[in-house]
Structure formats: C-alpha cells, structure tokens
>>> print(open('target.pdb').read())   # PDB, C-alpha atoms, pLDDT in the B column
MODEL        1
ATOM      1  CA  MET A  10      97.014  71.159  97.156  1.00 49.00           C
ATOM      2  CA  TYR A  11      97.985  68.554  94.598  1.00 52.00           C
ATOM      3  CA  VAL A  12      97.414  65.024  95.927  1.00 54.00           C
ATOM      4  CA  MET A  13      98.378  61.978  93.929  1.00 50.00           C
ATOM      5  CA  THR A  14      95.551  59.506  93.431  1.00 50.00           C
ATOM      6  CA  THR A  15      95.037  56.659  90.986  1.00 45.00           C
ATOM      7  CA  ALA A  16      93.441  59.118  88.555  1.00 47.00           C
ATOM      8  CA  THR A  17      96.395  61.523  88.744  1.00 48.00           C
ATOM      9  CA  ALA A  18      99.115  58.874  88.731  1.00 47.00           C
ATOM     10  CA  SER A  19      99.128  58.822  84.931  1.00 46.00           C
ATOM     11  CA  LEU A  20      99.673  62.596  84.923  1.00 45.00           C
ATOM     12  CA  SER A  21     102.861  62.429  86.946  1.00 49.00           C
ATOM     13  CA  ALA A  22     104.099  59.384  85.047  1.00 57.00           C
ATOM     14  CA  SER A  23     104.233  61.340  81.797  1.00 70.00           C
ATOM     15  CA  ALA A  24     107.200  61.125  79.513  1.00 78.00           C
ATOM     16  CA  PRO A  25     110.177  63.296  80.373  1.00 86.00           C
ATOM     17  CA  ALA A  26     110.649  66.512  78.442  1.00 86.00           C
ATOM     18  CA  PRO A  27     112.545  66.107  75.172  1.00 89.00           C
ATOM     19  CA  VAL A  28     116.075  67.458  75.034  1.00 93.00           C
ATOM     20  CA  TRP A  29     115.088  70.231  72.621  1.00 93.00           C
ATOM     21  CA  ALA A  30     112.396  71.456  75.039  1.00 91.00           C
ATOM     22  CA  ARG A  31     114.873  71.493  77.930  1.00 94.00           C
ATOM     23  CA  ARG A  32     117.356  73.458  75.833  1.00 96.00           C
ATOM     24  CA  ALA A  33     114.630  75.900  74.740  1.00 95.00           C
ATOM     25  CA  ALA A  34     113.568  76.457  78.372  1.00 93.00           C
ATOM     26  CA  HIS A  35     117.162  77.181  79.360  1.00 95.00           C
ATOM     27  CA  ALA A  36     117.571  79.444  76.316  1.00 95.00           C
ATOM     28  CA  ILE A  37     114.589  81.508  77.500  1.00 93.00           C
ATOM     29  CA  ALA A  38     116.318  82.126  80.828  1.00 92.00           C
ATOM     30  CA  LEU A  39     119.521  83.097  79.020  1.00 95.00           C
ATOM     31  CA  CYS A  40     117.720  85.411  76.565  1.00 93.00           C
ATOM     32  CA  ALA A  41     116.713  87.692  79.433  1.00 90.00           C
ATOM     33  CA  VAL A  42     120.253  88.133  80.765  1.00 94.00           C
ATOM     34  CA  PRO A  43     121.699  90.712  78.300  1.00 94.00           C
ATOM     35  CA  SER A  44     118.846  93.206  78.711  1.00 90.00           C
ATOM     36  CA  GLY A  45     118.948  92.773  82.484  1.00 92.00           C
ATOM     37  CA  LEU A  46     122.670  93.457  82.564  1.00 94.00           C
ATOM     38  CA  TRP A  47     122.147  96.516  80.344  1.00 92.00           C
ATOM     39  CA  ARG A  48     119.465  97.854  82.712  1.00 91.00           C
ATOM     40  CA  ILE A  49     121.609  97.214  85.785  1.00 94.00           C
ATOM     41  CA  ALA A  50     124.527  98.988  84.093  1.00 92.00           C
ATOM     42  CA  MET A  51     122.222 101.952  83.446  1.00 90.00           C
ATOM     43  CA  ALA A  52     121.072 101.979  87.082  1.00 92.00           C
ATOM     44  CA  SER A  53     124.696 101.746  88.266  1.00 91.00           C
ATOM     45  CA  GLY A  54     125.720 104.861  86.392  1.00 87.00           C
ATOM     46  CA  VAL A  55     127.546 103.172  83.522  1.00 88.00           C
ATOM     47  CA  TYR A  56     127.137 105.140  80.310  1.00 89.00           C
ATOM     48  CA  VAL A  57     124.654 103.261  78.084  1.00 87.00           C
ATOM     49  CA  GLY A  58     123.849 106.024  75.630  1.00 85.00           C
ATOM     50  CA  TYR A  59     121.626 108.314  77.678  1.00 85.00           C
ATOM     51  CA  SER A  60     122.758 111.737  78.812  1.00 85.00           C
ATOM     52  CA  ASP A  61     122.694 112.581  82.511  1.00 86.00           C
ATOM     53  CA  GLN A  62     119.757 114.899  81.884  1.00 87.00           C
ATOM     54  CA  VAL A  63     117.711 112.128  80.199  1.00 85.00           C
ATOM     55  CA  LEU A  64     118.524 109.739  83.047  1.00 86.00           C
ATOM     56  CA  ARG A  65     117.348 112.316  85.591  1.00 88.00           C
ATOM     57  CA  ASP A  66     114.289 113.644  83.745  1.00 88.00           C
ATOM     58  CA  VAL A  67     112.974 110.538  81.987  1.00 84.00           C
ATOM     59  CA  PHE A  68     114.170 107.606  84.095  1.00 84.00           C
ATOM     60  CA  ASP A  69     114.535 109.322  87.519  1.00 85.00           C
ATOM     61  CA  ILE A  70     118.101 108.025  87.921  1.00 87.00           C
ATOM     62  CA  PRO A  71     119.467 108.663  90.498  1.00 87.00           C
ATOM     63  CA  GLY A  72     116.314 108.243  92.510  1.00 88.00           C
ATOM     64  CA  TRP A  73     113.409 105.810  92.434  1.00 91.00           C
ATOM     65  CA  GLY A  74     114.269 104.941  88.853  1.00 88.00           C
ATOM     66  CA  ILE A  75     117.137 102.783  90.112  1.00 91.00           C
ATOM     67  CA  ALA A  76     114.745 100.578  92.104  1.00 92.00           C
ATOM     68  CA  TYR A  77     112.407 100.400  89.116  1.00 90.00           C
ATOM     69  CA  VAL A  78     115.118  99.444  86.631  1.00 90.00           C
ATOM     70  CA  VAL A  79     116.775  96.872  88.917  1.00 92.00           C
ATOM     71  CA  GLY A  80     113.375  95.505  89.971  1.00 91.00           C
ATOM     72  CA  LEU A  81     112.348  95.168  86.322  1.00 88.00           C
ATOM     73  CA  SER A  82     115.554  93.243  85.614  1.00 90.00           C
ATOM     74  CA  VAL A  83     114.977  90.867  88.526  1.00 92.00           C
ATOM     75  CA  LEU A  84     111.300  90.390  87.628  1.00 88.00           C
ATOM     76  CA  THR A  85     112.166  89.711  83.989  1.00 87.00           C
ATOM     77  CA  GLU A  86     114.740  87.076  84.928  1.00 89.00           C
ATOM     78  CA  LEU A  87     112.364  85.385  87.399  1.00 87.00           C
ATOM     79  CA  ALA A  88     109.657  85.265  84.727  1.00 86.00           C
ATOM     80  CA  ALA A  89     112.195  83.838  82.282  1.00 88.00           C
ATOM     81  CA  LEU A  90     112.812  80.964  84.722  1.00 88.00           C
ATOM     82  CA  PHE A  91     109.113  79.906  84.578  1.00 85.00           C
ATOM     83  CA  PRO A  92     109.561  77.632  81.514  1.00 88.00           C
ATOM     84  CA  LEU A  93     111.991  75.516  83.537  1.00 89.00           C
ATOM     85  CA  LEU A  94     108.920  74.323  85.492  1.00 85.00           C
ATOM     86  CA  LEU A  95     107.488  72.972  82.253  1.00 83.00           C
ATOM     87  CA  VAL A  96     110.479  70.710  81.629  1.00 87.00           C
ATOM     88  CA  SER A  97     111.168  69.723  85.250  1.00 82.00           C
ATOM     89  CA  ASP A  98     110.559  66.109  86.221  1.00 75.00           C
ATOM     90  CA  ARG A  99     111.099  66.736  89.919  1.00 73.00           C
ATOM     91  CA  TRP A 100     109.154  69.761  91.056  1.00 65.00           C
ATOM     92  CA  ARG A 101     105.589  70.664  90.085  1.00 66.00           C
ATOM     93  CA  PRO A 102     104.002  73.369  92.216  1.00 63.00           C
ATOM     94  CA  LEU A 103     100.679  73.171  90.358  1.00 60.00           C
ATOM     95  CA  HIS A 104      98.479  70.518  88.845  1.00 67.00           C
ATOM     96  CA  PRO A 105      99.647  69.820  85.250  1.00 69.00           C
ATOM     97  CA  ARG A 106      96.436  71.171  83.711  1.00 72.00           C
ATOM     98  CA  VAL A 107      96.650  74.417  85.673  1.00 74.00           C
ATOM     99  CA  LEU A 108     100.331  74.804  84.830  1.00 74.00           C
ATOM    100  CA  GLY A 109      99.554  74.119  81.167  1.00 74.00           C
ATOM    101  CA  ARG A 110      96.804  76.754  81.053  1.00 77.00           C
ATOM    102  CA  LEU A 111      99.086  79.227  82.797  1.00 76.00           C
ATOM    103  CA  ALA A 112     101.843  78.487  80.273  1.00 78.00           C
ATOM    104  CA  TRP A 113      99.525  79.051  77.295  1.00 79.00           C
ATOM    105  CA  ALA A 114      98.366  82.335  78.819  1.00 83.00           C
ATOM    106  CA  ALA A 115     101.981  83.387  79.402  1.00 80.00           C
ATOM    107  CA  SER A 116     102.823  82.506  75.796  1.00 81.00           C
ATOM    108  CA  GLY A 117     100.026  84.716  74.518  1.00 82.00           C
ATOM    109  CA  VAL A 118     101.053  87.598  76.745  1.00 82.00           C
ATOM    110  CA  LEU A 119     104.671  87.254  75.588  1.00 83.00           C
ATOM    111  CA  VAL A 120     103.618  87.520  71.943  1.00 83.00           C
ATOM    112  CA  LEU A 121     101.620  90.682  72.696  1.00 82.00           C
ATOM    113  CA  VAL A 122     104.472  92.196  74.711  1.00 80.00           C
ATOM    114  CA  ALA A 123     106.969  91.456  71.918  1.00 79.00           C
ATOM    115  CA  LEU A 124     104.710  93.138  69.357  1.00 80.00           C
ATOM    116  CA  TRP A 125     104.251  96.134  71.641  1.00 78.00           C
ATOM    117  CA  GLN A 126     108.002  96.411  72.209  1.00 75.00           C
ATOM    118  CA  LEU A 127     108.572  96.493  68.463  1.00 75.00           C
ATOM    119  CA  VAL A 128     106.206  99.443  68.239  1.00 78.00           C
ATOM    120  CA  VAL A 129     107.938 101.216  71.136  1.00 72.00           C
ATOM    121  CA  ALA A 130     111.441 100.467  69.823  1.00 68.00           C
ATOM    122  CA  PHE A 131     110.739 102.036  66.459  1.00 72.00           C
ATOM    123  CA  THR A 132     108.895 105.146  67.537  1.00 72.00           C
ATOM    124  CA  VAL A 133     110.669 108.433  66.977  1.00 56.00           C
ATOM    125  CA  GLU A 134     110.484 109.455  70.633  1.00 57.00           C
ATOM    126  CA  SER A 135     112.218 106.342  71.988  1.00 60.00           C
ATOM    127  CA  GLN A 136     115.072 106.712  69.498  1.00 60.00           C
ATOM    128  CA  THR A 137     115.737 110.379  70.230  1.00 67.00           C
ATOM    129  CA  TYR A 138     116.825 109.726  73.824  1.00 76.00           C
ATOM    130  CA  MET A 139     119.919 107.790  72.745  1.00 75.00           C
ATOM    131  CA  SER A 140     122.899 110.024  72.119  1.00 75.00           C
ATOM    132  CA  SER A 141     124.760 107.941  69.522  1.00 75.00           C
ATOM    133  CA  GLY A 142     124.344 105.255  66.899  1.00 79.00           C
ATOM    134  CA  THR A 143     126.796 103.023  68.764  1.00 86.00           C
ATOM    135  CA  ALA A 144     124.628 103.197  71.890  1.00 85.00           C
ATOM    136  CA  GLN A 145     121.570 102.241  69.836  1.00 83.00           C
ATOM    137  CA  THR A 146     123.452  99.279  68.375  1.00 86.00           C
ATOM    138  CA  VAL A 147     124.513  98.060  71.824  1.00 88.00           C
ATOM    139  CA  TRP A 148     120.943  98.531  73.056  1.00 85.00           C
ATOM    140  CA  GLY A 149     119.678  96.542  70.056  1.00 84.00           C
ATOM    141  CA  PHE A 150     122.050  93.656  70.746  1.00 90.00           C
ATOM    142  CA  ALA A 151     121.098  93.652  74.434  1.00 90.00           C
ATOM    143  CA  PHE A 152     117.358  93.567  73.784  1.00 86.00           C
ATOM    144  CA  ALA A 153     117.205  91.501  70.572  1.00 88.00           C
ATOM    145  CA  PRO A 154     117.288  88.118  72.381  1.00 91.00           C
ATOM    146  CA  LEU A 155     114.008  89.030  74.110  1.00 87.00           C
ATOM    147  CA  PHE A 156     112.225  88.671  70.775  1.00 87.00           C
ATOM    148  CA  ALA A 157     113.130  84.961  70.646  1.00 90.00           C
ATOM    149  CA  ILE A 158     111.346  84.285  73.939  1.00 89.00           C
ATOM    150  CA  PRO A 159     107.730  84.129  72.627  1.00 90.00           C
ATOM    151  CA  ALA A 160     108.575  81.506  69.978  1.00 89.00           C
ATOM    152  CA  LEU A 161     110.651  79.472  72.436  1.00 91.00           C
ATOM    153  CA  MET A 162     107.911  79.706  75.075  1.00 89.00           C
ATOM    154  CA  ILE A 163     105.256  78.507  72.632  1.00 90.00           C
ATOM    155  CA  ALA A 164     107.463  75.533  71.698  1.00 90.00           C
ATOM    156  CA  VAL A 165     108.117  74.593  75.343  1.00 90.00           C
ATOM    157  CA  THR A 166     104.428  75.010  76.209  1.00 89.00           C
ATOM    158  CA  TRP A 167     103.381  72.882  73.238  1.00 88.00           C
ATOM    159  CA  SER A 168     105.801  70.145  74.339  1.00 87.00           C
ATOM    160  CA  TYR A 169     104.433  70.299  77.892  1.00 85.00           C
ATOM    161  CA  ALA A 170     100.819  70.142  76.691  1.00 84.00           C
ATOM    162  CA  LYS A 171     101.609  67.210  74.421  1.00 85.00           C
ATOM    163  CA  ARG A 172     103.287  65.250  77.231  1.00 83.00           C
ATOM    164  CA  HIS A 173     100.480  65.871  79.717  1.00 78.00           C
ATOM    165  CA  ARG A 174      97.525  65.234  77.414  1.00 76.00           C
ATOM    166  CA  THR A 175      94.995  62.803  78.873  1.00 40.00           C
ATOM    167  CA  ASP A 176      91.810  61.308  77.550  1.00 36.00           C
ATOM    168  CA  ALA A 177      88.413  62.860  78.329  1.00 37.00           C
ATOM    169  CA  GLY A 178      87.580  60.227  80.966  1.00 37.00           C
ATOM    170  CA  THR A 179      90.611  61.100  83.065  1.00 41.00           C
ATOM    171  CA  PHE A 180      89.904  64.790  82.615  1.00 39.00           C
ATOM    172  CA  LEU A 181      86.311  64.358  83.833  1.00 38.00           C
ATOM    173  CA  ALA A 182      87.482  62.169  86.733  1.00 43.00           C
ATOM    174  CA  LEU A 183      89.719  65.046  87.836  1.00 45.00           C
ATOM    175  CA  GLY A 184      86.763  67.387  88.070  1.00 44.00           C
ATOM    176  CA  GLY A 185      87.175  69.019  84.672  1.00 45.00           C
ATOM    177  CA  GLU A 186      84.394  70.559  82.691  1.00 43.00           C
TER     178      GLU A 186
ENDMDL
END
>>> encode(input="target.pdb", output="structure tokens")
Amino acid sequence: MYVMTTATASLSASAPAPVWARRAAHAIALCAVPSGLWRIAMASGVYVGYSDQVLRDVFDIPGWGIAYVVGLSVLTELAALFPLLLVSDRWRPLHPRVLGRLAWAASGVLVLVALWQLVVAFTVESQTYMSSGTAQTVWGFAFAPLFAIPALMIAVTWSYAKRHRTDAGTFLALGGE
C-alpha cells in the first residue's frame, strides 16, 4: 500500500505531465482502436479478406476463435490505456518508482512485439491467407497504427521518469537499493 510520508511527499508533488506527453498517451489508446475494430469485424462475420474455410480452419471462427479474437481486442485496448496512468495527476495505483519500472519494461516489450509483428506480417504464409490485395491494404491500414505505439510509449515513459526523478538520498530513504 502506498502511504504518503514526508519522504514521499516530494514524489506526489511532481510537476504535471507536459501537454505533449498527455497527447501521446491518448494517441496510444487511439492507435489500438482500428486493429481492434478489424478483429471484432472478423469475429462478427464481416468479410475482412479471409475465406470461410480459412476462418474455420485457421482461426476457428465460428467457435472458440471468436472469444480469442474479441478477447485479444479487449486486452489490447486495456493495455493501450496503461500510459494514461503515467500522465494522470489524480490516480496512482502504484508507487512512482514501481510504475516507472513497469513502464520501462512495457516499453521494451512493445519494441520486441513490434519487431516480431513485422516479421510475421511479411512472411509468405501470413500473406497467403488473404484473398485479395484490397483486403491486405485494409488490414495494413488497420494494423499500421500499432507500430507507432512503442515510440509513443518510450516518450511517455521518459517524460514520467524525468518528472519523478529524485536524488539518491530520497531513494535510499524510501528503502531503495
């Protein structure tokens, strides 16, 4: 539990997030929307470029694949809301140092995931499932904003870390290493 003491008072009295960081955090949440809508359309039976046979055999739609695809969309959007914690002045569920470390870890994971998705997107197998060039173009536009998220997340995390930096004495007083 996070309890405010004299040593932690300076942590909560940090400067508010700059406007650019707030906009970047909101942009992260918005970047996840197009791919989520595309996935939900696929789960709902809207034609997104996959044949009925591919949907059945590869994605198990209809079936458990619907829960997977919708769940992935919801999970992605919830994860995309995380940076809003880094720019919030009102609600902090974790100690600033813990939240900062978690944000840096998330930034690193996002970079790795983006690199992996580039590999997956350009493999021959993933491109052969789509039935038309138009469907691939729509898919590209729906998923392209996801590649902006790692850079935006690093910027928001850097801003958060800069605002919550304390001297070594305060860090040691908080039980740091």
>>> closest_residue(input="target.pdb", among="A:Ala114, A:Leu121, A:Ala151, A:Ala76", to="A:Trp47", atoms="all atoms listed in the file")
A:Ala151
>>> atom_distance(input="target.pdb", atom1="atom CA of A:Ala112", atom2="atom CA of A:Ala160")
12.7 Å
>>> residues_around(input="target.pdb", residues="A:Ser60", least_positions_apart="3", cutoff="9 Å", atoms="only C-alpha atoms", output="JSON, numbers by chain")
{"A": [56, 57, 63, 64, 65, 138, 139, 140]}
>>> resolve_selection(input="target.pdb", expression="the PyMOL selection byres ((chain A and resi 153) around 12)", output="CSV table (one decimal) with C-alpha atoms, in the coordinates of the input")
chain,number,residue,atom,x,y,z
A,40,CYS,CA,117.7,85.4,76.6
A,41,ALA,CA,116.7,87.7,79.4
A,42,VAL,CA,120.3,88.1,80.8
A,43,PRO,CA,121.7,90.7,78.3
A,44,SER,CA,118.8,93.2,78.7
A,123,ALA,CA,107.0,91.5,71.9
A,126,GLN,CA,108.0,96.4,72.2
A,127,LEU,CA,108.6,96.5,68.5
A,130,ALA,CA,111.4,100.5,69.8
A,145,GLN,CA,121.6,102.2,69.8
A,146,THR,CA,123.5,99.3,68.4
A,147,VAL,CA,124.5,98.1,71.8
A,148,TRP,CA,120.9,98.5,73.1
A,149,GLY,CA,119.7,96.5,70.1
A,150,PHE,CA,122.0,93.7,70.7
A,151,ALA,CA,121.1,93.7,74.4
A,152,PHE,CA,117.4,93.6,73.8
A,154,PRO,CA,117.3,88.1,72.4
A,155,LEU,CA,114.0,89.0,74.1
A,156,PHE,CA,112.2,88.7,70.8
A,157,ALA,CA,113.1,85.0,70.6
A,158,ILE,CA,111.3,84.3,73.9
>>> resolve_selection(input="target.pdb", expression="the PyMOL selection byres ((chain A and resi 26) around 8)", output="ChimeraX atom specification")
/A:24-25,27-28,30-31,96-98,168-169,172
>>> axis_aligned_box(input="target.pdb", around="stretch 158-161 of chain A", padding_each_side="6 Å", output="lines of an AutoDock Vina configuration file")
center_x = 109.5
center_y = 81.9
center_z = 72.0
size_x = 15.6
size_y = 16.8
size_z = 16.0
>>> atom_distance(input="target.pdb", atom1="atom CA of A:Val165", atom2="atom CA of A:Ala88")
14.3 Å
>>> residues_around(input="target.pdb", residues="A:Ala34", least_positions_apart="5", cutoff="9 Å", atoms="only C-alpha atoms", output="ChimeraX atom specification")
/A:29,39,89-96,161-162,165
>>> write_last_selection(input="target.pdb", atoms="C-alpha atoms", output="CSV table (one decimal), in the coordinates of the input")
chain,number,residue,atom,x,y,z
A,29,TRP,CA,115.1,70.2,72.6
A,39,LEU,CA,119.5,83.1,79.0
A,89,ALA,CA,112.2,83.8,82.3
A,90,LEU,CA,112.8,81.0,84.7
A,91,PHE,CA,109.1,79.9,84.6
A,92,PRO,CA,109.6,77.6,81.5
A,93,LEU,CA,112.0,75.5,83.5
A,94,LEU,CA,108.9,74.3,85.5
A,95,LEU,CA,107.5,73.0,82.3
A,96,VAL,CA,110.5,70.7,81.6
A,161,LEU,CA,110.7,79.5,72.4
A,162,MET,CA,107.9,79.7,75.1
A,165,VAL,CA,108.1,74.6,75.3
>>> atom_distance(input="target.pdb", atom1="atom CA of A:Asp61", atom2="atom CA of A:Leu84")
25.5 Å
>>> closest_residue(input="target.pdb", among="A:Gly117, A:Tyr59, A:Gly54, A:Arg48", to="A:Ser141", atoms="all atoms listed in the file")
A:Tyr59
>>> residues_around(input="target.pdb", residues="A:Ala115", least_positions_apart="5", cutoff="9 Å", atoms="only C-alpha atoms", output="list of chain:residue names")
A:Arg110, A:Val120, A:Pro159, A:Met162, A:Ile163
>>> decode(input="target.pdb", residues="stretch 25-49 of chain A", atoms="N, CA, C and O atoms", output="PDB file, in the first residue's frame")
ATOM      1  N   PRO A  25       3.227  18.438 -13.229  1.00  0.00           N
ATOM      2  CA  PRO A  25       2.237  17.732 -14.047  1.00  0.00           C
ATOM      3  C   PRO A  25       2.856  17.313 -15.386  1.00  0.00           C
ATOM      4  O   PRO A  25       3.854  17.878 -15.827  1.00  0.00           O
ATOM      5  N   ALA A  26       2.246  16.350 -16.003  1.00  0.00           N
ATOM      6  CA  ALA A  26       2.736  15.853 -17.290  1.00  0.00           C
ATOM      7  C   ALA A  26       2.616  16.945 -18.344  1.00  0.00           C
ATOM      8  O   ALA A  26       1.626  17.671 -18.382  1.00  0.00           O
ATOM      9  N   PRO A  27       3.627  17.080 -19.202  1.00  0.00           N
ATOM     10  CA  PRO A  27       3.523  18.070 -20.276  1.00  0.00           C
ATOM     11  C   PRO A  27       2.392  17.715 -21.242  1.00  0.00           C
ATOM     12  O   PRO A  27       1.989  16.558 -21.347  1.00  0.00           O
ATOM     13  N   VAL A  28       1.926  18.694 -21.945  1.00  0.00           N
ATOM     14  CA  VAL A  28       0.814  18.502 -22.879  1.00  0.00           C
ATOM     15  C   VAL A  28       1.165  17.457 -23.935  1.00  0.00           C
ATOM     16  O   VAL A  28       0.338  16.598 -24.280  1.00  0.00           O
ATOM     17  N   TRP A  29       2.398  17.484 -24.436  1.00  0.00           N
ATOM     18  CA  TRP A  29       2.771  16.521 -25.473  1.00  0.00           C
ATOM     19  C   TRP A  29       2.709  15.098 -24.948  1.00  0.00           C
ATOM     20  O   TRP A  29       2.338  14.173 -25.683  1.00  0.00           O
ATOM     21  N   ALA A  30       3.063  14.884 -23.670  1.00  0.00           N
ATOM     22  CA  ALA A  30       3.028  13.545 -23.091  1.00  0.00           C
ATOM     23  C   ALA A  30       1.576  13.080 -22.922  1.00  0.00           C
ATOM     24  O   ALA A  30       1.258  11.912 -23.168  1.00  0.00           O
ATOM     25  N   ARG A  31       0.710  13.993 -22.518  1.00  0.00           N
ATOM     26  CA  ARG A  31      -0.715  13.648 -22.403  1.00  0.00           C
ATOM     27  C   ARG A  31      -1.292  13.273 -23.764  1.00  0.00           C
ATOM     28  O   ARG A  31      -2.024  12.303 -23.897  1.00  0.00           O
ATOM     29  N   ARG A  32      -0.950  14.043 -24.778  1.00  0.00           N
ATOM     30  CA  ARG A  32      -1.441  13.745 -26.130  1.00  0.00           C
ATOM     31  C   ARG A  32      -0.889  12.413 -26.633  1.00  0.00           C
ATOM     32  O   ARG A  32      -1.599  11.645 -27.283  1.00  0.00           O
ATOM     33  N   ALA A  33       0.380  12.138 -26.339  1.00  0.00           N
ATOM     34  CA  ALA A  33       0.987  10.864 -26.764  1.00  0.00           C
ATOM     35  C   ALA A  33       0.305   9.688 -26.061  1.00  0.00           C
ATOM     36  O   ALA A  33       0.050   8.650 -26.691  1.00  0.00           O
ATOM     37  N   ALA A  34      -0.004   9.836 -24.776  1.00  0.00           N
ATOM     38  CA  ALA A  34      -0.677   8.762 -24.036  1.00  0.00           C
ATOM     39  C   ALA A  34      -2.063   8.500 -24.619  1.00  0.00           C
ATOM     40  O   ALA A  34      -2.480   7.341 -24.762  1.00  0.00           O
ATOM     41  N   HIS A  35      -2.775   9.557 -24.957  1.00  0.00           N
ATOM     42  CA  HIS A  35      -4.092   9.386 -25.575  1.00  0.00           C
ATOM     43  C   HIS A  35      -3.960   8.806 -26.979  1.00  0.00           C
ATOM     44  O   HIS A  35      -4.804   8.009 -27.411  1.00  0.00           O
ATOM     45  N   ALA A  36      -2.920   9.181 -27.695  1.00  0.00           N
ATOM     46  CA  ALA A  36      -2.693   8.641 -29.045  1.00  0.00           C
ATOM     47  C   ALA A  36      -2.443   7.139 -28.985  1.00  0.00           C
ATOM     48  O   ALA A  36      -2.886   6.403 -29.878  1.00  0.00           O
ATOM     49  N   ILE A  37      -1.764   6.674 -27.946  1.00  0.00           N
ATOM     50  CA  ILE A  37      -1.519   5.233 -27.797  1.00  0.00           C
ATOM     51  C   ILE A  37      -2.845   4.493 -27.698  1.00  0.00           C
ATOM     52  O   ILE A  37      -3.056   3.474 -28.360  1.00  0.00           O
ATOM     53  N   ALA A  38      -3.754   5.021 -26.876  1.00  0.00           N
ATOM     54  CA  ALA A  38      -5.068   4.383 -26.732  1.00  0.00           C
ATOM     55  C   ALA A  38      -5.817   4.381 -28.062  1.00  0.00           C
ATOM     56  O   ALA A  38      -6.478   3.403 -28.418  1.00  0.00           O
ATOM     57  N   LEU A  39      -5.691   5.451 -28.825  1.00  0.00           N
ATOM     58  CA  LEU A  39      -6.390   5.534 -30.109  1.00  0.00           C
ATOM     59  C   LEU A  39      -5.742   4.659 -31.180  1.00  0.00           C
ATOM     60  O   LEU A  39      -6.425   4.177 -32.088  1.00  0.00           O
ATOM     61  N   CYS A  40      -4.435   4.437 -31.088  1.00  0.00           N
ATOM     62  CA  CYS A  40      -3.740   3.601 -32.076  1.00  0.00           C
ATOM     63  C   CYS A  40      -4.218   2.148 -32.041  1.00  0.00           C
ATOM     64  O   CYS A  40      -4.130   1.437 -33.049  1.00  0.00           O
ATOM     65  N   ALA A  41      -4.715   1.702 -30.923  1.00  0.00           N
ATOM     66  CA  ALA A  41      -5.168   0.318 -30.801  1.00  0.00           C
ATOM     67  C   ALA A  41      -6.582   0.103 -31.327  1.00  0.00           C
ATOM     68  O   ALA A  41      -6.987  -1.034 -31.561  1.00  0.00           O
ATOM     69  N   VAL A  42      -7.321   1.168 -31.535  1.00  0.00           N
ATOM     70  CA  VAL A  42      -8.731   1.045 -31.930  1.00  0.00           C
ATOM     71  C   VAL A  42      -8.925   0.421 -33.316  1.00  0.00           C
ATOM     72  O   VAL A  42      -9.734  -0.502 -33.460  1.00  0.00           O
ATOM     73  N   PRO A  43      -8.235   0.868 -34.380  1.00  0.00           N
ATOM     74  CA  PRO A  43      -8.524   0.295 -35.699  1.00  0.00           C
ATOM     75  C   PRO A  43      -8.311  -1.220 -35.788  1.00  0.00           C
ATOM     76  O   PRO A  43      -9.146  -1.931 -36.352  1.00  0.00           O
ATOM     77  N   SER A  44      -7.238  -1.718 -35.210  1.00  0.00           N
ATOM     78  CA  SER A  44      -6.995  -3.169 -35.269  1.00  0.00           C
ATOM     79  C   SER A  44      -8.038  -3.925 -34.450  1.00  0.00           C
ATOM     80  O   SER A  44      -8.462  -5.023 -34.830  1.00  0.00           O
ATOM     81  N   GLY A  45      -8.447  -3.350 -33.335  1.00  0.00           N
ATOM     82  CA  GLY A  45      -9.489  -3.981 -32.521  1.00  0.00           C
ATOM     83  C   GLY A  45     -10.812  -4.055 -33.262  1.00  0.00           C
ATOM     84  O   GLY A  45     -11.504  -5.076 -33.225  1.00  0.00           O
ATOM     85  N   LEU A  46     -11.162  -2.972 -33.940  1.00  0.00           N
ATOM     86  CA  LEU A  46     -12.398  -2.975 -34.724  1.00  0.00           C
ATOM     87  C   LEU A  46     -12.307  -3.980 -35.870  1.00  0.00           C
ATOM     88  O   LEU A  46     -13.291  -4.667 -36.187  1.00  0.00           O
ATOM     89  N   TRP A  47     -11.141  -4.089 -36.492  1.00  0.00           N
ATOM     90  CA  TRP A  47     -10.949  -5.059 -37.574  1.00  0.00           C
ATOM     91  C   TRP A  47     -11.134  -6.475 -37.043  1.00  0.00           C
ATOM     92  O   TRP A  47     -11.804  -7.302 -37.663  1.00  0.00           O
ATOM     93  N   ARG A  48     -10.548  -6.771 -35.876  1.00  0.00           N
ATOM     94  CA  ARG A  48     -10.682  -8.110 -35.291  1.00  0.00           C
ATOM     95  C   ARG A  48     -12.132  -8.417 -34.922  1.00  0.00           C
ATOM     96  O   ARG A  48     -12.616  -9.529 -35.139  1.00  0.00           O
ATOM     97  N   ILE A  49     -12.809  -7.427 -34.337  1.00  0.00           N
ATOM     98  CA  ILE A  49     -14.209  -7.639 -33.953  1.00  0.00           C
ATOM     99  C   ILE A  49     -15.075  -7.839 -35.197  1.00  0.00           C
ATOM    100  O   ILE A  49     -15.995  -8.656 -35.201  1.00  0.00           O
TER     101      ILE A  49
END
